[in-house]
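Below: one structure, written as structure tokens.
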Amino acid sequence: MLARAIAVGVAVLVGAVPATAQQRGTVEFGGFGSTTSFDNGLGMNSGFGGGARIGVFFFPRLSTEFEWGGSNVSRSLGLQNVNVGVLSARLTAVPVKVGRLSVLLGGGVDHTDTYFIESYGVHGLLGAKLALTDAVALRIDGIPSYMANGGYTNLGLHLGLSFQRHPVGLTRTVTHTVTAAPVPDTSNDAEMRRLRGLAANYQALRDSLARPRSLPYVPVSSGAALATMREMIYFQNDRSDLSDSAKAILRDKVTVFRANPAMRIVITGFASQPGTEAYNMTLGRERAAAAKAFLVSQGVDPIRIEIATRGEGQLVVEGPGELADAENRRGQFRLLIADPFLAAPRK
């Protein structure tokens, strides 16, 4: 009976993979060693064994898991040892993720079988997972379980490795292209006039570098300068300090700022998915503030710079993993062109 239950459970989970993991998530599988402390009423001592697990992430922080474990257990009163098999199915959530460490919380149903007792029941799970690489993690779980037949409560501890297979369908290539602002199709005449004016401003920015240096106006910019001002900077995980490469990008922006005294900019800080929403909003603001502070230290008037935060909103790459998180930890820049003039006279 236990063998049939295992076969059915594996078949159901594997059949769910094409409909879920290939669309939204990641397949996780692994093995573990285990120790279990059985209820005194069963007359069994603590047992040691092992098992295997497979799961599918339906969402980045929610998965369904199927697990089988077995152990050899000695008995009191001189009775012969018994083999205990446990088949479990559960939902597991990741309520907290900090860096490479994930806290796990779950619950589900199980089936326990020995030669003298067979019972269905429920169980909970409290665990932690430490990512060693993007595909391999060390995992530990504490599992209290309740057997409906007899009302026995057992406590288990699992320790092992988990392996993740990320769905190829979720891989994204992000290309940053700098172009003049497009004019969308709209019937609103006022909006059309505003967008045409903005497009004309960008055209004037590109053409202004062709003016001779003797003219009384500072050359505003070119396509390359626009690209410089819109280039994003990136941050290390859970950090808001600027790297050397980020400072180099900001120094290039300072050069364009000095040549365009009428130009203003909005810096928006972003964060990757790990961490709470409130924490990521604060981290995004700290990253934007760090970029502004550096520009001010290079002589840019602080009144010309605005900062904002989106936290983990507007992810450029969704899904779990270091590659996605690295793309999302960024500072993004948006130009504000002064109206009606694109440049101020040289003084």
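Identifiers in this document derive from the order of the structure tokens: chains are assigned A, B, ..., residues are numbered from 1 separately in each chain, and ligands are numbered from 1 in order of occurrence.
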
Write down as JSON, numbers by chain the residues of region 25-102 of chain A whose backbone DSSP state falls under strand (DSSP E or B).
{"A": [27, 28, 29, 30, 31, 32, 33, 34, 35, 36, 37, 44, 47, 48, 49, 50, 51, 52, 53, 54, 55, 56, 57, 58, 59, 62, 63, 64, 65, 66, 67, 68, 69, 70, 71, 72, 73, 75, 82, 83, 84, 85, 86, 87, 88, 89, 90, 91, 92, 93, 94, 95, 96, 97, 98, 101, 102]}

Running DSSP on the backbone, which parts of region 62-293 of chain A land in alpha helix (DSSP H), as number ranges by chain?
A: 189-207, 223-230, 244-259, 277-293

Could you write out that same residue set with C-alpha atoms as an mmCIF file, in the first residue's frame?
```
data_model
loop_
_atom_site.group_PDB
_atom_site.id
_atom_site.type_symbol
_atom_site.label_atom_id
_atom_site.label_comp_id
_atom_site.auth_asym_id
_atom_site.auth_seq_id
_atom_site.Cartn_x
_atom_site.Cartn_y
_atom_site.Cartn_z
ATOM 1 C CA ASP A 189 -4.746 66.988 -28.396
ATOM 2 C CA ALA A 190 -3.150 68.535 -25.299
ATOM 3 C CA GLU A 191 -1.214 65.343 -24.574
ATOM 4 C CA MET A 192 -0.084 65.133 -28.191
ATOM 5 C CA ARG A 193 1.242 68.696 -28.065
ATOM 6 C CA ARG A 194 3.098 67.994 -24.823
ATOM 7 C CA LEU A 195 4.733 64.839 -26.186
ATOM 8 C CA ARG A 196 5.702 66.526 -29.464
ATOM 9 C CA GLY A 197 7.310 69.321 -27.469
ATOM 10 C CA LEU A 198 9.249 66.794 -25.408
ATOM 11 C CA ALA A 199 10.448 65.031 -28.559
ATOM 12 C CA ALA A 200 11.572 68.389 -29.969
ATOM 13 C CA ASN A 201 13.487 69.093 -26.769
ATOM 14 C CA TYR A 202 15.383 65.819 -27.081
ATOM 15 C CA GLN A 203 16.178 66.645 -30.715
ATOM 16 C CA ALA A 204 17.552 70.019 -29.605
ATOM 17 C CA LEU A 205 19.680 68.287 -26.970
ATOM 18 C CA ARG A 206 21.282 66.048 -29.596
ATOM 19 C CA ASP A 207 21.864 68.890 -32.053
ATOM 20 C CA GLY A 223 22.809 60.995 -27.910
ATOM 21 C CA ALA A 224 25.873 59.764 -26.011
ATOM 22 C CA ALA A 225 25.293 62.301 -23.228
ATOM 23 C CA LEU A 226 21.650 61.253 -22.955
ATOM 24 C CA ALA A 227 22.751 57.653 -22.654
ATOM 25 C CA THR A 228 25.203 58.659 -19.910
ATOM 26 C CA MET A 229 22.490 60.402 -17.911
ATOM 27 C CA ARG A 230 20.114 57.429 -18.183
ATOM 28 C CA ASP A 244 33.986 51.941 -7.847
ATOM 29 C CA SER A 245 32.120 51.213 -11.096
ATOM 30 C CA ALA A 246 29.033 53.074 -9.815
ATOM 31 C CA LYS A 247 31.166 56.097 -8.865
ATOM 32 C CA ALA A 248 32.717 56.101 -12.349
ATOM 33 C CA ILE A 249 29.245 56.179 -13.934
ATOM 34 C CA LEU A 250 28.208 59.040 -11.630
ATOM 35 C CA ARG A 251 31.359 61.054 -12.484
ATOM 36 C CA ASP A 252 30.365 60.815 -16.157
ATOM 37 C CA LYS A 253 26.956 62.236 -15.224
ATOM 38 C CA VAL A 254 28.626 65.120 -13.334
ATOM 39 C CA THR A 255 30.382 66.136 -16.571
ATOM 40 C CA VAL A 256 27.039 66.376 -18.381
ATOM 41 C CA PHE A 257 25.460 68.199 -15.408
ATOM 42 C CA ARG A 258 28.156 70.872 -15.459
ATOM 43 C CA ALA A 259 27.665 71.407 -19.190
ATOM 44 C CA GLU A 277 8.371 45.212 1.349
ATOM 45 C CA ALA A 278 8.978 47.914 3.991
ATOM 46 C CA TYR A 279 12.662 47.006 4.280
ATOM 47 C CA ASN A 280 13.141 47.117 0.497
ATOM 48 C CA MET A 281 11.420 50.518 0.238
ATOM 49 C CA THR A 282 13.857 51.898 2.834
ATOM 50 C CA LEU A 283 16.831 50.239 1.119
ATOM 51 C CA GLY A 284 15.799 51.721 -2.248
ATOM 52 C CA ARG A 285 15.657 55.219 -0.725
ATOM 53 C CA GLU A 286 19.096 54.767 0.891
ATOM 54 C CA ARG A 287 20.554 53.745 -2.475
ATOM 55 C CA ALA A 288 19.058 56.782 -4.214
ATOM 56 C CA ALA A 289 20.301 59.052 -1.398
ATOM 57 C CA ALA A 290 23.822 57.592 -1.693
ATOM 58 C CA ALA A 291 23.897 58.412 -5.424
ATOM 59 C CA LYS A 292 22.647 61.967 -4.776
ATOM 60 C CA ALA A 293 25.200 62.525 -1.988
#
```

With only C-alpha atoms as the atoms that count, which of A:Leu104, A:Leu132, A:Val122, A:Leu79 lies nearest to Ser145 (chain A)?
A:Val122

Test item: residues at most 10 Å from Gly124 (chain A), only C-alpha atoms, excluding those fewer than 6 positions along its chain, as a list of chain:residue names
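Final neighbour list, sorted by chain and number: A:Arg90, A:Leu91, A:Thr92, A:Leu105, A:Gly106, A:Gly107, A:Gly108, A:Val109, A:Asp141, A:Gly142, A:Ile143, A:Pro144, A:Ser145, A:Tyr146.
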
Give me the residues near Ile54 (chain A) as JSON, numbers by chain, where near means some atom within 6 Å (using only C-alpha atoms) and where sequence neighbours in that chain fewer than 2 positions away do not count.
{"A": [28, 29, 65, 66]}

The selected residues should be written to file as an mmCIF file, in the first residue's frame (atoms: C-alpha atoms).
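Wrote selection-v5.cif, looks like this:
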```cif
data_model
loop_
_atom_site.group_PDB
_atom_site.id
_atom_site.type_symbol
_atom_site.label_atom_id
_atom_site.label_comp_id
_atom_site.auth_asym_id
_atom_site.auth_seq_id
_atom_site.Cartn_x
_atom_site.Cartn_y
_atom_site.Cartn_z
ATOM 1 C CA GLU A 28 13.659 21.614 -6.156
ATOM 2 C CA PHE A 29 14.785 18.102 -5.240
ATOM 3 C CA GLU A 65 6.586 19.448 -1.710
ATOM 4 C CA PHE A 66 6.364 15.665 -1.758
#
```

Would you please work out which residue, of A:Ser34, A:Ser272, A:Thr26, A:Asn81, is nearest to Thr64 (chain A) when using only C-alpha atoms?
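Answer, going by the shortest atom-to-atom distance: A:Thr26.
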
Compare A:Lys97, A:Arg53, A:Arg310, A:Arg304 by their minimum atom-to-atom distance to Gln164 (chain A), counting only C-alpha atoms, and give me the closest one.
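Under the stated criterion, the closest residue is A:Arg53.
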
Find the residue from A:Gly121, A:Gly30, A:Pro95, A:Pro261 that sits nearest to Val300 (chain A); use only C-alpha atoms when measuring.
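Among the listed residues, the smallest separation from Val300 (chain A) belongs to A:Pro261.
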
Proximity to Val96 (chain A) - best of A:Gly55, A:Gly127, A:Pro167, A:Gly69, only C-alpha atoms:
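Ranking A:Gly55, A:Gly127, A:Pro167, A:Gly69 by distance to Val96 (chain A), first place goes to A:Gly127.
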
Would you kindly return, as a PDB file with C-alpha atoms, in the first residue's frame, each protein, DNA or RNA residue with an atom no farther than 10 Å from any atom of region 147-157 of chain A, considering only C-alpha atoms and excluding same-chain residues fewer than 2 positions away?
```pdb
ATOM      1  CA  PHE A  32      18.409  14.220   3.697  1.00  0.00           C
ATOM      2  CA  GLY A  33      19.401  12.312   6.795  1.00  0.00           C
ATOM      3  CA  SER A  34      16.873  12.228   9.610  1.00  0.00           C
ATOM      4  CA  THR A  35      16.360  11.495  13.284  1.00  0.00           C
ATOM      5  CA  THR A  36      12.919  11.043  14.866  1.00  0.00           C
ATOM      6  CA  SER A  37      11.790  11.046  18.487  1.00  0.00           C
ATOM      7  CA  PHE A  38       8.617   8.952  18.754  1.00  0.00           C
ATOM      8  CA  ASP A  39       5.753   9.342  21.212  1.00  0.00           C
ATOM      9  CA  ASN A  40       6.287   7.286  24.405  1.00  0.00           C
ATOM     10  CA  GLY A  41       2.952   5.547  23.827  1.00  0.00           C
ATOM     11  CA  LEU A  42       4.375   3.786  20.749  1.00  0.00           C
ATOM     12  CA  SER A  46      14.529   7.452  18.650  1.00  0.00           C
ATOM     13  CA  GLY A  47      15.238   6.312  15.108  1.00  0.00           C
ATOM     14  CA  PHE A  48      17.722   7.314  12.420  1.00  0.00           C
ATOM     15  CA  VAL A 109      -0.520  15.727   5.619  1.00  0.00           C
ATOM     16  CA  ASP A 110       1.394  12.473   6.006  1.00  0.00           C
ATOM     17  CA  HIS A 111       1.064   8.700   6.199  1.00  0.00           C
ATOM     18  CA  THR A 112       3.077   6.667   8.721  1.00  0.00           C
ATOM     19  CA  ILE A 117       0.501   0.459  13.230  1.00  0.00           C
ATOM     20  CA  GLU A 118      -0.603   2.493  10.214  1.00  0.00           C
ATOM     21  CA  SER A 119      -1.936   6.040  10.516  1.00  0.00           C
ATOM     22  CA  TYR A 120      -2.674   9.189   8.600  1.00  0.00           C
ATOM     23  CA  GLY A 121      -1.970  12.549  10.195  1.00  0.00           C
ATOM     24  CA  VAL A 122      -0.870  16.146   9.840  1.00  0.00           C
ATOM     25  CA  HIS A 123       2.467  17.877  10.359  1.00  0.00           C
ATOM     26  CA  LEU A 125       7.527  22.431   9.330  1.00  0.00           C
ATOM     27  CA  LEU A 126       9.960  25.099  10.513  1.00  0.00           C
ATOM     28  CA  GLY A 127      13.264  25.179   8.672  1.00  0.00           C
ATOM     29  CA  ILE A 140      17.522  21.812   7.813  1.00  0.00           C
ATOM     30  CA  ASP A 141      13.898  21.176   8.877  1.00  0.00           C
ATOM     31  CA  GLY A 142      12.198  20.549  12.212  1.00  0.00           C
ATOM     32  CA  ILE A 143       8.954  18.578  11.719  1.00  0.00           C
ATOM     33  CA  PRO A 144       6.386  17.864  14.480  1.00  0.00           C
ATOM     34  CA  SER A 145       3.739  15.354  13.308  1.00  0.00           C
ATOM     35  CA  LEU A 159      19.386  17.723   7.397  1.00  0.00           C
TER      36      LEU A 159
END
```
